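Q: My structure is in work_28.txt, and what it holds is compact mmCIF, C-alpha atoms and all ligand atoms:
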```txt
# COMPACT_ATOMS: atom_id res chain seq x y z
CA MET Q 106 -5.01 27.45 -30.89
CA GLU Q 107 -5.28 26.64 -27.18
CA LYS Q 108 -2.43 24.41 -26.13
CA ARG Q 109 -3.59 20.77 -25.83
CA SER Q 110 -1.59 20.52 -22.61
CA LEU Q 111 -3.83 23.06 -20.88
CA VAL Q 112 -5.52 21.80 -17.71
CA LYS Q 113 -6.98 25.00 -16.24
CA GLY Q 114 -5.90 28.65 -16.17
CA LYS Q 115 -2.11 28.56 -16.29
CA ILE Q 116 -1.75 24.89 -15.36
CA HIS Q 117 -0.50 22.46 -18.01
CA TYR Q 118 -0.20 18.68 -18.13
CA VAL Q 119 3.35 17.58 -18.98
CA GLY Q 120 3.18 13.94 -17.88
CA VAL Q 121 4.03 10.81 -19.89
CA ASN Q 122 2.63 7.32 -20.51
CA ASP Q 123 4.47 4.08 -19.85
CA ARG Q 124 3.19 1.28 -22.07
CA ASN Q 125 6.46 -0.65 -21.91
CA LYS Q 126 6.81 -1.73 -18.30
CA HIS Q 127 5.34 -5.13 -17.43
CA LEU Q 128 5.49 -4.87 -13.65
CA PHE Q 129 5.11 -1.72 -11.55
CA GLU Q 130 7.57 -1.77 -8.62
CA GLY Q 131 8.77 -5.05 -10.15
CA MET Q 132 5.63 -6.80 -8.85
CA TRP Q 133 2.29 -5.44 -10.07
CA PRO Q 134 1.10 -6.14 -13.64
CA LEU Q 135 0.27 -3.22 -15.91
CA PRO Q 136 -2.19 -4.51 -18.53
CA TYR Q 137 -3.29 -0.94 -19.31
CA GLY Q 138 0.11 0.66 -18.61
CA VAL Q 139 0.57 3.57 -16.23
CA SER Q 140 0.97 7.34 -16.54
CA TYR Q 141 3.50 9.44 -14.65
CA ASN Q 142 1.81 12.81 -14.29
CA SER Q 143 3.61 16.09 -13.92
CA TYR Q 144 2.17 19.61 -14.06
CA LEU Q 145 3.63 22.93 -15.10
CA ILE Q 146 2.20 26.20 -13.73
CA ASP Q 147 3.13 28.88 -16.25
CA ASP Q 148 2.71 31.89 -13.96
CA GLU Q 149 4.93 34.96 -13.38
CA MET Q 150 7.13 32.50 -11.53
CA VAL Q 151 7.03 29.11 -13.26
CA ALA Q 152 6.64 25.98 -11.11
CA LEU Q 153 6.92 22.33 -12.07
CA VAL Q 154 4.97 19.94 -9.84
CA ASP Q 155 6.72 16.56 -9.59
CA THR Q 156 8.69 14.96 -12.44
CA VAL Q 157 8.50 11.61 -14.28
CA ASP Q 158 10.37 8.31 -14.55
CA VAL Q 159 13.80 9.17 -15.93
CA CYS Q 160 13.35 6.78 -18.89
CA PHE Q 161 10.86 9.32 -20.30
CA PHE Q 162 12.95 12.44 -19.77
CA GLU Q 163 13.29 13.30 -23.49
CA GLN Q 164 9.50 13.37 -23.88
CA PHE Q 165 9.14 15.20 -20.60
CA ILE Q 166 11.51 18.05 -21.39
CA ALA Q 167 9.98 18.41 -24.88
CA LYS Q 168 6.54 18.83 -23.30
CA ILE Q 169 7.88 21.42 -20.86
CA LYS Q 170 9.54 23.40 -23.66
CA ALA Q 171 6.36 23.24 -25.73
CA VAL Q 172 4.63 25.19 -22.95
CA ILE Q 173 7.27 27.67 -21.77
CA GLY Q 174 9.86 27.68 -24.56
CA GLU Q 175 13.19 28.89 -23.19
CA LYS Q 176 11.72 30.58 -20.11
CA PRO Q 177 13.31 29.40 -16.86
CA ILE Q 178 11.50 27.38 -14.20
CA GLN Q 179 11.82 28.95 -10.76
CA TYR Q 180 10.41 26.15 -8.57
CA LEU Q 181 10.32 22.36 -8.63
CA ILE Q 182 7.73 21.15 -6.13
CA ILE Q 183 8.29 17.59 -4.96
CA ASN Q 184 5.19 16.06 -3.44
CA HIS Q 185 6.58 12.51 -3.46
CA MET Q 186 10.03 10.96 -3.82
CA GLU Q 187 9.34 7.47 -5.22
CA PRO Q 188 11.48 7.32 -8.36
CA ASP Q 189 8.54 7.03 -10.78
CA HIS Q 190 8.05 10.73 -9.96
CA SER Q 191 11.39 11.92 -8.66
CA GLY Q 192 13.50 10.15 -11.32
CA SER Q 193 14.03 13.25 -13.45
CA ILE Q 194 15.06 15.62 -10.65
CA ALA Q 195 18.78 15.44 -11.44
CA LEU Q 196 18.26 16.12 -15.15
CA ILE Q 197 15.80 18.95 -14.47
CA LYS Q 198 18.43 20.47 -12.17
CA LYS Q 199 20.97 20.22 -15.03
CA TYR Q 200 18.59 21.98 -17.45
CA TYR Q 201 17.56 24.56 -14.86
CA PRO Q 202 20.52 24.94 -12.46
CA ASP Q 203 18.95 27.89 -10.60
CA ILE Q 204 15.71 26.04 -9.86
CA VAL Q 205 14.62 26.07 -6.21
CA ILE Q 206 13.39 22.69 -5.04
CA VAL Q 207 10.35 22.81 -2.77
CA GLY Q 208 9.84 19.96 -0.33
CA ASN Q 209 9.62 19.20 3.36
CA LYS Q 210 12.29 18.17 5.86
CA GLN Q 211 11.98 14.51 4.84
CA THR Q 212 12.24 15.28 1.11
CA PHE Q 213 15.73 16.72 0.86
CA GLY Q 214 17.63 13.85 2.46
CA MET Q 215 16.03 11.57 -0.11
CA ILE Q 216 16.90 13.89 -3.02
CA GLU Q 217 20.54 13.87 -1.98
CA GLY Q 218 20.48 10.14 -1.20
CA PHE Q 219 18.89 9.05 -4.46
CA TYR Q 220 20.35 11.62 -6.86
CA GLY Q 221 23.19 13.47 -5.13
CA VAL Q 222 21.32 16.72 -5.83
CA VAL Q 223 21.87 19.65 -3.46
CA GLY Q 224 21.35 23.37 -3.93
CA ASP Q 225 18.62 25.94 -3.42
CA GLN Q 226 15.82 24.64 -1.26
CA TYR Q 227 12.53 25.88 0.10
CA VAL Q 228 11.79 23.64 3.09
CA VAL Q 229 8.07 23.82 3.82
CA LYS Q 230 6.13 22.97 6.95
CA ASP Q 231 2.49 22.05 7.15
CA GLY Q 232 0.36 24.94 5.85
CA ASP Q 233 3.27 26.93 4.37
CA PHE Q 234 2.66 29.16 1.40
CA LEU Q 235 4.22 30.07 -1.96
CA SER Q 236 2.98 32.73 -4.37
CA LEU Q 237 3.77 32.33 -8.06
CA GLY Q 238 2.05 35.62 -8.95
CA HIS Q 239 -1.51 34.68 -9.89
CA HIS Q 240 -1.40 31.26 -8.21
CA LYS Q 241 -1.11 30.94 -4.45
CA LEU Q 242 0.01 27.54 -3.26
CA HIS Q 243 -0.39 25.95 0.15
CA PHE Q 244 1.48 22.83 1.21
CA TYR Q 245 -0.03 20.09 3.36
CA LEU Q 246 2.14 17.36 4.83
CA THR Q 247 0.49 13.95 4.47
CA PRO Q 248 3.16 11.58 5.81
CA MET Q 249 2.97 7.85 4.99
CA VAL Q 250 0.60 8.21 2.05
CA HIS Q 251 2.54 6.02 1.33
CA TRP Q 252 6.10 7.28 2.03
CA PRO Q 253 7.22 9.47 4.95
CA GLU Q 254 7.85 12.60 2.84
CA THR Q 255 4.53 12.61 0.99
CA MET Q 256 2.81 15.98 0.86
CA MET Q 257 0.16 17.68 -1.24
CA THR Q 258 0.03 21.11 -2.83
CA PHE Q 259 -3.23 23.06 -3.00
CA ASP Q 260 -3.62 25.92 -5.44
CA GLU Q 261 -6.07 28.20 -3.70
CA THR Q 262 -6.43 30.38 -6.81
CA ASP Q 263 -7.99 27.71 -9.04
CA HIS Q 264 -8.89 25.24 -6.26
CA VAL Q 265 -6.65 22.51 -7.66
CA LEU Q 266 -5.14 19.83 -5.43
CA PHE Q 267 -1.85 18.32 -6.58
CA SER Q 268 -2.19 15.12 -4.59
CA GLY Q 269 0.85 12.99 -5.39
CA ASP Q 270 -0.08 9.29 -5.56
CA ALA Q 271 -3.32 9.82 -3.62
CA PHE Q 272 -6.42 9.39 -5.79
CA GLY Q 273 -4.23 7.86 -8.50
CA CYS Q 274 -4.73 4.66 -10.47
CA PHE Q 275 -3.05 2.43 -13.01
CA GLY Q 276 -3.85 2.94 -16.70
CA THR Q 277 -2.32 5.26 -19.28
CA LEU Q 278 -3.96 8.46 -20.50
CA ASP Q 279 -4.80 7.74 -24.11
CA GLY Q 280 -5.23 11.14 -25.70
CA GLY Q 281 -7.14 13.12 -23.11
CA PHE Q 282 -6.34 13.47 -19.43
CA ILE Q 283 -9.40 15.12 -17.79
CA ASP Q 284 -12.13 12.79 -16.51
CA SER Q 285 -15.01 14.66 -18.19
CA ARG Q 286 -13.44 14.17 -21.63
CA ILE Q 287 -12.42 10.52 -21.55
CA ASN Q 288 -13.94 7.05 -21.18
CA LEU Q 289 -13.25 6.08 -17.57
CA ASP Q 290 -14.30 2.40 -17.67
CA LYS Q 291 -10.82 0.90 -17.26
CA TYR Q 292 -9.78 3.13 -14.39
CA TRP Q 293 -12.18 2.12 -11.62
CA ASP Q 294 -10.93 -1.44 -11.13
CA GLU Q 295 -7.41 -0.21 -11.73
CA MET Q 296 -7.86 2.33 -8.92
CA GLU Q 297 -8.85 -0.39 -6.45
CA ARG Q 298 -5.93 -2.53 -7.57
CA TYR Q 299 -3.54 0.42 -7.33
CA TYR Q 300 -4.76 1.32 -3.85
CA SER Q 301 -4.66 -2.24 -2.48
CA ASN Q 302 -1.26 -3.00 -4.01
CA ILE Q 303 0.63 0.24 -3.40
CA VAL Q 304 -1.06 2.16 -0.60
CA GLY Q 305 -2.96 -0.69 1.13
CA LYS Q 306 -0.94 -0.83 4.34
CA TYR Q 307 -1.45 2.86 5.08
CA GLY Q 308 -5.19 3.12 5.73
CA SER Q 309 -4.76 5.21 8.86
CA PRO Q 310 -2.46 7.88 7.28
CA VAL Q 311 -4.84 8.05 4.30
CA GLN Q 312 -7.73 8.70 6.69
CA LYS Q 313 -5.70 11.43 8.42
CA ALA Q 314 -4.93 13.03 5.06
CA LEU Q 315 -8.61 12.92 4.04
CA GLN Q 316 -9.55 14.66 7.27
CA LYS Q 317 -6.84 17.29 6.82
CA LEU Q 318 -7.97 18.06 3.26
CA GLY Q 319 -11.68 17.74 4.01
CA GLY Q 320 -12.28 21.47 4.43
CA LEU Q 321 -10.58 22.60 1.22
CA PRO Q 322 -12.77 23.80 -1.68
CA ILE Q 323 -11.27 21.30 -4.12
CA GLU Q 324 -12.58 21.58 -7.70
CA MET Q 325 -9.88 19.53 -9.41
CA ILE Q 326 -7.50 16.76 -8.29
CA CYS Q 327 -4.26 16.37 -10.21
CA SER Q 328 -2.69 13.14 -9.03
CA THR Q 329 0.54 11.58 -10.25
CA HIS Q 330 -1.15 8.56 -11.89
CA GLY Q 331 -4.25 8.40 -14.06
CA PRO Q 332 -6.88 10.98 -14.98
CA ILE Q 333 -7.30 14.47 -13.58
CA TRP Q 334 -10.48 14.38 -11.53
CA THR Q 335 -13.16 17.06 -11.82
CA GLU Q 336 -16.66 15.59 -12.30
CA GLN Q 337 -15.70 12.39 -10.49
CA ILE Q 338 -14.07 13.88 -7.38
CA GLY Q 339 -16.84 12.60 -5.10
CA LYS Q 340 -16.59 9.06 -6.43
CA VAL Q 341 -12.78 9.00 -6.29
CA VAL Q 342 -12.56 10.37 -2.75
CA GLY Q 343 -15.27 7.88 -1.77
CA ILE Q 344 -13.23 4.96 -3.12
CA TYR Q 345 -10.10 6.05 -1.24
CA ASP Q 346 -12.14 6.65 1.90
CA ARG Q 347 -13.82 3.22 1.73
CA LEU Q 348 -10.63 1.31 0.96
CA SER Q 349 -8.61 3.10 3.66
CA ARG Q 350 -11.29 2.15 6.20
CA TYR Q 351 -11.01 -1.47 4.95
CA GLU Q 352 -14.76 -1.49 4.30
CA ALA Q 353 -15.88 -4.39 2.15
CA GLU Q 354 -18.91 -5.82 0.35
CA GLU Q 355 -20.66 -9.10 1.14
CA GLY Q 356 -18.77 -11.78 -0.72
CA VAL Q 357 -15.96 -14.31 -0.40
CA VAL Q 358 -12.53 -14.64 -1.96
CA ILE Q 359 -11.34 -18.25 -2.10
CA ALA Q 360 -7.60 -18.26 -2.74
CA TYR Q 361 -6.13 -21.71 -3.06
CA GLY Q 362 -3.01 -23.56 -4.12
CA THR Q 363 -3.17 -26.95 -5.79
CA MET Q 364 -0.67 -29.24 -7.49
CA TYR Q 365 -2.75 -32.13 -8.82
CA GLY Q 366 -6.30 -30.89 -8.26
CA ASN Q 367 -7.05 -32.57 -4.91
CA THR Q 368 -6.90 -29.36 -2.88
CA GLU Q 369 -8.78 -27.58 -5.61
CA GLN Q 370 -11.68 -29.99 -5.04
CA MET Q 371 -11.93 -28.66 -1.49
CA ALA Q 372 -12.12 -25.11 -2.86
CA GLU Q 373 -14.83 -26.16 -5.33
CA GLU Q 374 -16.81 -27.84 -2.57
CA ILE Q 375 -16.65 -24.73 -0.39
CA ALA Q 376 -17.64 -22.44 -3.27
CA ALA Q 377 -20.64 -24.60 -4.20
CA GLU Q 378 -21.87 -24.67 -0.60
CA LEU Q 379 -21.40 -20.89 -0.24
CA SER Q 380 -23.52 -20.41 -3.33
CA ALA Q 381 -26.15 -22.88 -2.08
CA ASN Q 382 -26.33 -20.73 1.05
CA GLY Q 383 -27.03 -17.52 -0.79
CA VAL Q 384 -23.59 -15.99 -1.27
CA LYS Q 385 -23.57 -14.36 -4.70
CA ASN Q 386 -20.14 -12.77 -4.83
CA ILE Q 387 -17.63 -15.61 -4.85
CA VAL Q 388 -14.22 -15.04 -6.44
CA MET Q 389 -11.85 -17.99 -6.78
CA HIS Q 390 -8.14 -17.55 -7.38
CA ASN Q 391 -5.62 -20.28 -8.02
CA VAL Q 392 -2.59 -18.65 -6.39
CA SER Q 393 -0.25 -20.22 -8.93
CA LYS Q 394 -2.10 -18.55 -11.79
CA SER Q 395 -3.69 -15.33 -10.51
CA ASN Q 396 -1.17 -12.62 -9.87
CA PRO Q 397 -1.36 -11.58 -6.17
CA SER Q 398 -2.05 -8.05 -7.36
CA TYR Q 399 -5.57 -9.12 -8.40
CA ILE Q 400 -6.11 -11.35 -5.37
CA LEU Q 401 -5.29 -8.42 -3.06
CA LYS Q 402 -7.71 -6.19 -4.95
CA ASP Q 403 -10.49 -8.71 -4.36
CA ILE Q 404 -9.54 -9.20 -0.69
CA PHE Q 405 -9.94 -5.43 -0.24
CA LYS Q 406 -13.33 -5.68 -1.98
CA TYR Q 407 -14.98 -8.59 -0.13
CA LYS Q 408 -15.63 -9.30 3.52
CA GLY Q 409 -14.96 -13.04 3.53
CA LEU Q 410 -11.64 -14.76 2.90
CA ILE Q 411 -11.03 -18.50 2.65
CA VAL Q 412 -7.51 -19.71 1.93
CA GLY Q 413 -6.23 -23.23 1.40
CA CYS Q 414 -3.29 -25.11 -0.03
CA PRO Q 415 -1.26 -28.32 0.06
CA THR Q 416 1.70 -29.05 2.27
CA TYR Q 417 4.95 -28.79 0.32
CA SER Q 418 8.24 -30.25 1.60
CA ASN Q 419 6.79 -30.19 5.10
CA GLN Q 420 6.01 -26.48 4.76
CA ILE Q 421 3.15 -24.40 3.43
CA TYR Q 422 2.80 -24.26 -0.36
CA PRO Q 423 5.25 -21.47 -1.33
CA GLU Q 424 2.84 -19.50 -3.53
CA MET Q 425 0.38 -19.37 -0.64
CA GLU Q 426 3.10 -18.28 1.77
CA SER Q 427 3.88 -15.38 -0.53
CA LEU Q 428 0.22 -14.32 -0.69
CA LEU Q 429 -0.28 -14.57 3.08
CA SER Q 430 2.79 -12.41 3.64
CA LYS Q 431 1.37 -9.74 1.29
CA ILE Q 432 -1.95 -9.78 3.17
CA LEU Q 433 -0.19 -9.39 6.53
CA VAL Q 434 1.92 -6.49 5.25
CA ARG Q 435 -1.27 -4.62 4.35
CA GLU Q 436 -2.82 -5.22 7.78
CA VAL Q 437 -6.19 -5.93 6.17
CA LYS Q 438 -8.80 -5.44 8.87
CA GLY Q 439 -12.35 -6.54 9.50
CA ARG Q 440 -12.39 -9.73 7.44
CA TYR Q 441 -13.99 -13.12 8.24
CA LEU Q 442 -11.54 -15.96 7.74
CA GLY Q 443 -11.69 -19.69 7.08
CA TRP Q 444 -9.01 -22.05 5.84
CA PHE Q 445 -8.25 -25.55 4.67
CA GLY Q 446 -5.24 -27.60 3.64
CA SER Q 447 -4.02 -30.97 2.52
CA PHE Q 448 -1.07 -33.26 2.91
CA CYS Q 449 0.21 -36.61 1.72
CA TRP Q 450 2.16 -38.04 4.67
CA ALA Q 451 2.70 -35.17 7.20
CA GLY Q 452 0.58 -32.05 7.48
CA ALA Q 453 1.99 -28.52 7.71
CA ALA Q 454 -0.24 -26.25 5.58
CA VAL Q 455 -3.17 -26.00 8.01
CA LYS Q 456 -0.84 -25.31 10.95
CA ARG Q 457 1.02 -22.60 9.05
CA ILE Q 458 -2.18 -20.91 7.94
CA ALA Q 459 -3.28 -20.99 11.60
CA GLU Q 460 -0.17 -18.90 12.40
CA PHE Q 461 -1.23 -16.45 9.70
CA ALA Q 462 -4.78 -16.38 11.14
CA GLU Q 463 -3.46 -15.41 14.56
CA LYS Q 464 -1.22 -12.65 13.20
CA SER Q 465 -3.92 -11.28 10.90
CA LYS Q 466 -6.41 -10.79 13.76
CA MET Q 467 -9.22 -11.68 11.35
CA GLU Q 468 -12.37 -13.23 12.76
CA ILE Q 469 -12.25 -17.02 12.36
CA VAL Q 470 -15.61 -18.41 11.28
CA ALA Q 471 -15.06 -22.17 11.76
CA ASP Q 472 -12.49 -24.88 12.37
CA PRO Q 473 -10.09 -25.42 9.49
CA VAL Q 474 -10.46 -28.48 7.28
CA GLU Q 475 -7.49 -30.77 6.76
CA MET Q 476 -7.47 -33.47 4.09
CA LYS Q 477 -5.12 -36.43 3.72
CA GLN Q 478 -4.29 -37.20 0.10
CA ALA Q 479 -7.70 -36.93 -1.60
CA MET Q 480 -11.36 -36.03 -1.16
CA LYS Q 481 -13.51 -38.31 1.02
CA PRO Q 482 -17.13 -37.95 2.21
CA ILE Q 483 -16.01 -36.66 5.62
CA THR Q 484 -13.84 -33.97 3.99
CA ARG Q 485 -16.73 -32.95 1.76
CA GLU Q 486 -18.95 -32.54 4.81
CA GLN Q 487 -16.26 -30.55 6.70
CA CYS Q 488 -15.85 -28.21 3.71
CA ALA Q 489 -19.62 -27.68 3.65
CA ILE Q 490 -19.63 -26.85 7.38
CA LEU Q 491 -16.90 -24.26 6.84
CA ALA Q 492 -18.78 -22.73 3.92
CA ARG Q 493 -22.07 -22.56 5.84
CA ALA Q 494 -20.33 -20.90 8.78
CA MET Q 495 -18.92 -18.24 6.43
CA ALA Q 496 -22.29 -17.70 4.76
CA ASP Q 497 -24.00 -17.33 8.15
CA ARG Q 498 -21.38 -14.85 9.36
CA LEU Q 499 -21.76 -12.74 6.25
CA LYS Q 500 -25.55 -12.68 6.64
CA LYS Q 501 -25.23 -11.50 10.25
CA GLY Q 502 -23.03 -8.65 8.99
FE1 LIG Q 601 3.75 6.64 -7.98
FE2 LIG Q 601 4.62 6.13 -4.74
O1 LIG Q 601 4.93 6.49 -6.54
```
Any chance you could put this one into C-alpha cells?

A:
Amino acid sequence: MEKRSLVKGKIHYVGVNDRNKHLFEGMWPLPYGVSYNSYLIDDEMVALVDTVDVCFFEQFIAKIKAVIGEKPIQYLIINHMEPDHSGSIALIKKYYPDIVIVGNKQTFGMIEGFYGVVGDQYVVKDGDFLSLGHHKLHFYLTPMVHWPETMMTFDETDHVLFSGDAFGCFGTLDGGFIDSRINLDKYWDEMERYYSNIVGKYGSPVQKALQKLGGLPIEMICSTHGPIWTEQIGKVVGIYDRLSRYEAEEGVVIAYGTMYGNTEQMAEEIAAELSANGVKNIVMHNVSKSNPSYILKDIFKYKGLIVGCPTYSNQIYPEMESLLSKILVREVKGRYLGWFGSFCWAGAAVKRIAEFAEKSKMEIVADPVEMKQAMKPITREQCAILARAMADRLKKG
C-alpha cells in the first residue's frame, strides 16, 4: 500500500495539526485551527524540510519514523525560524546528532539564540545547490517574508517549491493535504486573514520574492501552513500578489467603538447613506466585539475605511487605539479614509484619529464628524456628507 504520507515522488508530508491553540502568536483566533507542515524527502540522502511546534514532537517523530524507519536523516533544511516551525530543532538534533542543518547566514544565529543548538552547518547563499541523489535542491533567499532569515527551497527534480510561510493559511488539514483532494472552502478567507495578520506589513519583500520565483517551473507549492497547492497555484499566487500590492475591492469597512450606542448611531447613519449612494460592500465592526484579526482582513479587502469612537478619559477609546496601531504597523496603502468621534465634555477621539490619518498617509475623503453627547440633526447631516464623499471617491476609483 502506498504510504498515505506520500506527496510526490520521494517527498512525504510529516506535518501536524493544532486544534488546541486559541490564539496564534497569542493574538489571532484559530476557529479552524492551524497546521504546522513539515516535509521529508526520502532520497539517497534524507532531508527534512522545516520542523513543527515542539508541543507536537511525539506525533512528528512518529510520522518521520513511519516513513524512514531507523534510517538517519542527513539534512535539516530550515526555511524559517519562527518557533511554530523551528520549535523541534533541538529535539531533532538529539534524535539525529549527525544531522547537518541547512540555512543562511541569518538562520544560524537564531538557532543558537533560541535553542542553543550548534554543530554541522551548511550555510547557503542565494541560488546555492544541494543534491540528495535524485532530488536537486536550490535555495532562494527571500528576506522579510516575514522574518529576516526567510528563504525558500526549490526542488528542480519534481518542480516543488518549499515556500515557508508564503502561500500559507490558517486551517487544519483534516485527512488529506493536497488541494485537489480536499474541500478548500474554509481556506480562502483564512488565507486572506493569515496574510493580513501575519505577513501584512511586508508587501514589498513579498513582491520581491514573487519576482525572484517568477521564472521557476513550479508545479507544487509546499508551504508551512495549510494545503499543498497544485491545481490552485495560480489562484494562491494571485491572492498573495494582490494582497502584497495592497489592492482592494470597492467597498467600505466601518470600524467603530461605542459604549452606550450614541457613537454607534453615527456609524449606522454613515452606513445607511453609503448604501443609499450605491455602495454594496459595507462591513461594520464594533471594535469591542470583532477581533482585530477579522477587521484587518476586511481592511485589506476593501478600498474605503471609516473609523470612529468615543473619547475615553480624555483619550481615544482604547480598543480603537489598539486597532489603529495594528493598521499603522501594516502600512496599509492606497485606502480612502474618513472618521468620526464623540465626547461628553471634552473631545479627544477625533483629534487622535487625525494623528493616525496623518501617519497612515491614506487619502482623506471629507472632514471628520464630531458629536457632543448624542445624535442631533446637524450630526446626522454631517455623517451623510462624509458617507457621500466616500461613495463618490469610490466611484471615481
Ligand atoms: Fe508560521 Fe512565521 O511562522

Q: Within 9 Å of ligand LIG 601 (chain Q), counting only C-alpha atoms and all ligand atoms: which residues, as a VMD selection string?

A: chain Q and resid 130 141 185 to 191 250 to 252 255 269 to 271 273 303 to 304 329 to 330

Q: Sorted by chain and rising residue number, list the residues of range 332-356 of chain Q at most 12 Å from range 382-395 of chain Q (counting only C-alpha atoms), each with its closest atom pair and distance in Å to one decimal, as a Markdown table.

A:
```
| residue | atom | partner | partner_atom | distance |
| --- | --- | --- | --- | --- |
| Q:Ala353 | CA | Q:Asn386 | CA | 11.7 |
| Q:Glu354 | CA | Q:Asn386 | CA | 8.8 |
| Q:Glu355 | CA | Q:Asn386 | CA | 7.0 |
| Q:Gly356 | CA | Q:Asn386 | CA | 4.4 |
```

Q: Write out, as an mmCIF file, keeping the file's coordinate frame, the residues just selected, with C-alpha atoms.

A:
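Wrote again31.cif, looks like this:
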```
data_model
loop_
_atom_site.group_PDB
_atom_site.id
_atom_site.type_symbol
_atom_site.label_atom_id
_atom_site.label_comp_id
_atom_site.auth_asym_id
_atom_site.auth_seq_id
_atom_site.Cartn_x
_atom_site.Cartn_y
_atom_site.Cartn_z
ATOM 1 C CA ALA Q 353 -15.880 -4.390 2.150
ATOM 2 C CA GLU Q 354 -18.910 -5.820 0.350
ATOM 3 C CA GLU Q 355 -20.660 -9.100 1.140
ATOM 4 C CA GLY Q 356 -18.770 -11.780 -0.720
#
```

Q: Using all atoms listed in the file, pick whichever of Q:Val228, Q:Met425, Q:Ile338, Q:Val311 has the shortest atom-to-atom distance to Tyr351 in chain Q.

A: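 Of the candidates, the smallest distance to Tyr351 in chain Q is held by Q:Val311.
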
Q: If you count only C-alpha atoms, which residues fall within 7 Å of Gln478 in chain Q, apart from same-chain ones fewer than 6 positions away, as a list in words?

A: Ser447, Phe448 and Cys449 of chain Q

Q: Hey, can you spit out that residue selection with C-alpha atoms as a PDB file, keeping the file's coordinate frame?

A:
```pdb
ATOM      1  CA  SER Q 447      -4.020 -30.970   2.520  1.00  0.00           C
ATOM      2  CA  PHE Q 448      -1.070 -33.260   2.910  1.00  0.00           C
ATOM      3  CA  CYS Q 449       0.210 -36.610   1.720  1.00  0.00           C
TER       4      CYS Q 449
END
```

Q: In terms of the shortest atom-to-atom distance over all atoms listed in the file, which of Q:Pro248, Q:Gly174, Q:Pro136, Q:Gly224 is closest to Gln211 in chain Q?

A: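 Ranking Q:Pro248, Q:Gly174, Q:Pro136, Q:Gly224 by distance to Gln211 in chain Q, first place goes to Q:Pro248.
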
Q: Using only C-alpha atoms, what residues lie at most 12 Å away from (-9.3, -6.1, -5.0) (file coordinates), given as a PyMOL selection string?

A: chain Q and resi 293-303+305+344+348+351-354+356-358+388+390+396-408+410+432+437

Q: Smallest atom-to-atom distance to Val434 in chain Q: which of Q:Thr247, Q:Gly308, Q:Gly362, Q:Arg485, using all atoms listed in the file?

A: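 Closest to Val434 in chain Q of all the choices is Q:Gly308.
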
Q: Go through Q:Ala459, Q:Ala195, Q:Leu379, Q:Cys274 one by one, measure the shortest atom-to-atom distance of each to Ile333 in chain Q using all atoms listed in the file, and give the residue with the smallest value.

A: Q:Cys274

Q: Got a sec to check which residues sit within 8 Å of (-20.0, -24.2, 0.4), counting all atoms listed in the file, and write them as JSON, numbers by chain?

A: {"Q": [373, 374, 375, 376, 377, 378, 379, 380, 381, 382, 488, 489, 490, 491, 492, 493]}

Q: Please write out, as lines of an AutoDock Vina configuration file, where the centre of an axis-aligned box around all listed atoms of range 145-161 of chain Q lies and how long its edges are, in Å to one decimal, after adding 8 Å on each side.

A:
```
center_x = 8.0
center_y = 20.9
center_z = -14.9
size_x = 27.6
size_y = 44.2
size_z = 26.7
```

Q: Nearest to Lys431 in chain Q among Q:Arg109, Q:Gln316, Q:Ser465, Q:Ile216, with distances taken over only C-alpha atoms: which residue is it?

A: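 Ranking Q:Arg109, Q:Gln316, Q:Ser465, Q:Ile216 by distance to Lys431 in chain Q, first place goes to Q:Ser465.
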
Q: For CA of Lys500 in chain Q and CA of Leu429 in chain Q, quote the distance in Å rounded to one decimal.

A: 25.6 Å

Q: Using all atoms listed in the file, find the one residue out of Q:Pro415, Q:Tyr345, Q:Leu433, Q:Ala471 that sits nearest to Trp450 in chain Q.

A: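 Comparing Q:Pro415, Q:Tyr345, Q:Leu433, Q:Ala471 against Trp450 in chain Q, the winner is Q:Pro415.
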
Q: Could you check how far CA of Phe219 in chain Q sits from CA of Ile194 in chain Q, in Å to one decimal?

A: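 CA of Ile194 in chain Q lies at a distance of 9.8 Å from CA of Phe219 in chain Q.
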
Q: Write out as a PyMOL selection string the residues lying within 12 Å of Glu460 in chain Q, counting only C-alpha atoms and excluding same-chain residues fewer than 5 positions away.

A: chain Q and resi 421+426+429-430+433+444+453-455+465-467

Q: Just the number, please: distance in Å from CA of Val223 in chain Q to CA of Tyr200 in chain Q, one decimal.

A: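 Computing it gives 14.6 Å between the two atoms.
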
Q: Excluding Gly120 in chain Q and its own-chain neighbours fewer than 5 positions away, which residues fall within 10 Å of it when counting all atoms listed in the file? Please give them as a PyMOL selection string.

A: chain Q and resi 110+140-145+155-158+161+164-166+168-169+190+278+282+329-330

Q: Store the residues picked out above, limited to C-alpha atoms, as a short mmCIF file (atom, residue, chain, number, x, y, z; two decimals), in the frame of the given file.

A:
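Output below, filename again32.cif:
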```cif
data_model
loop_
_atom_site.label_atom_id
_atom_site.label_comp_id
_atom_site.auth_asym_id
_atom_site.auth_seq_id
_atom_site.Cartn_x
_atom_site.Cartn_y
_atom_site.Cartn_z
CA SER Q 110 -1.59 20.52 -22.61
CA SER Q 140 0.97 7.34 -16.54
CA TYR Q 141 3.50 9.44 -14.65
CA ASN Q 142 1.81 12.81 -14.29
CA SER Q 143 3.61 16.09 -13.92
CA TYR Q 144 2.17 19.61 -14.06
CA LEU Q 145 3.63 22.93 -15.10
CA ASP Q 155 6.72 16.56 -9.59
CA THR Q 156 8.69 14.96 -12.44
CA VAL Q 157 8.50 11.61 -14.28
CA ASP Q 158 10.37 8.31 -14.55
CA PHE Q 161 10.86 9.32 -20.30
CA GLN Q 164 9.50 13.37 -23.88
CA PHE Q 165 9.14 15.20 -20.60
CA ILE Q 166 11.51 18.05 -21.39
CA LYS Q 168 6.54 18.83 -23.30
CA ILE Q 169 7.88 21.42 -20.86
CA HIS Q 190 8.05 10.73 -9.96
CA LEU Q 278 -3.96 8.46 -20.50
CA PHE Q 282 -6.34 13.47 -19.43
CA THR Q 329 0.54 11.58 -10.25
CA HIS Q 330 -1.15 8.56 -11.89
#
```
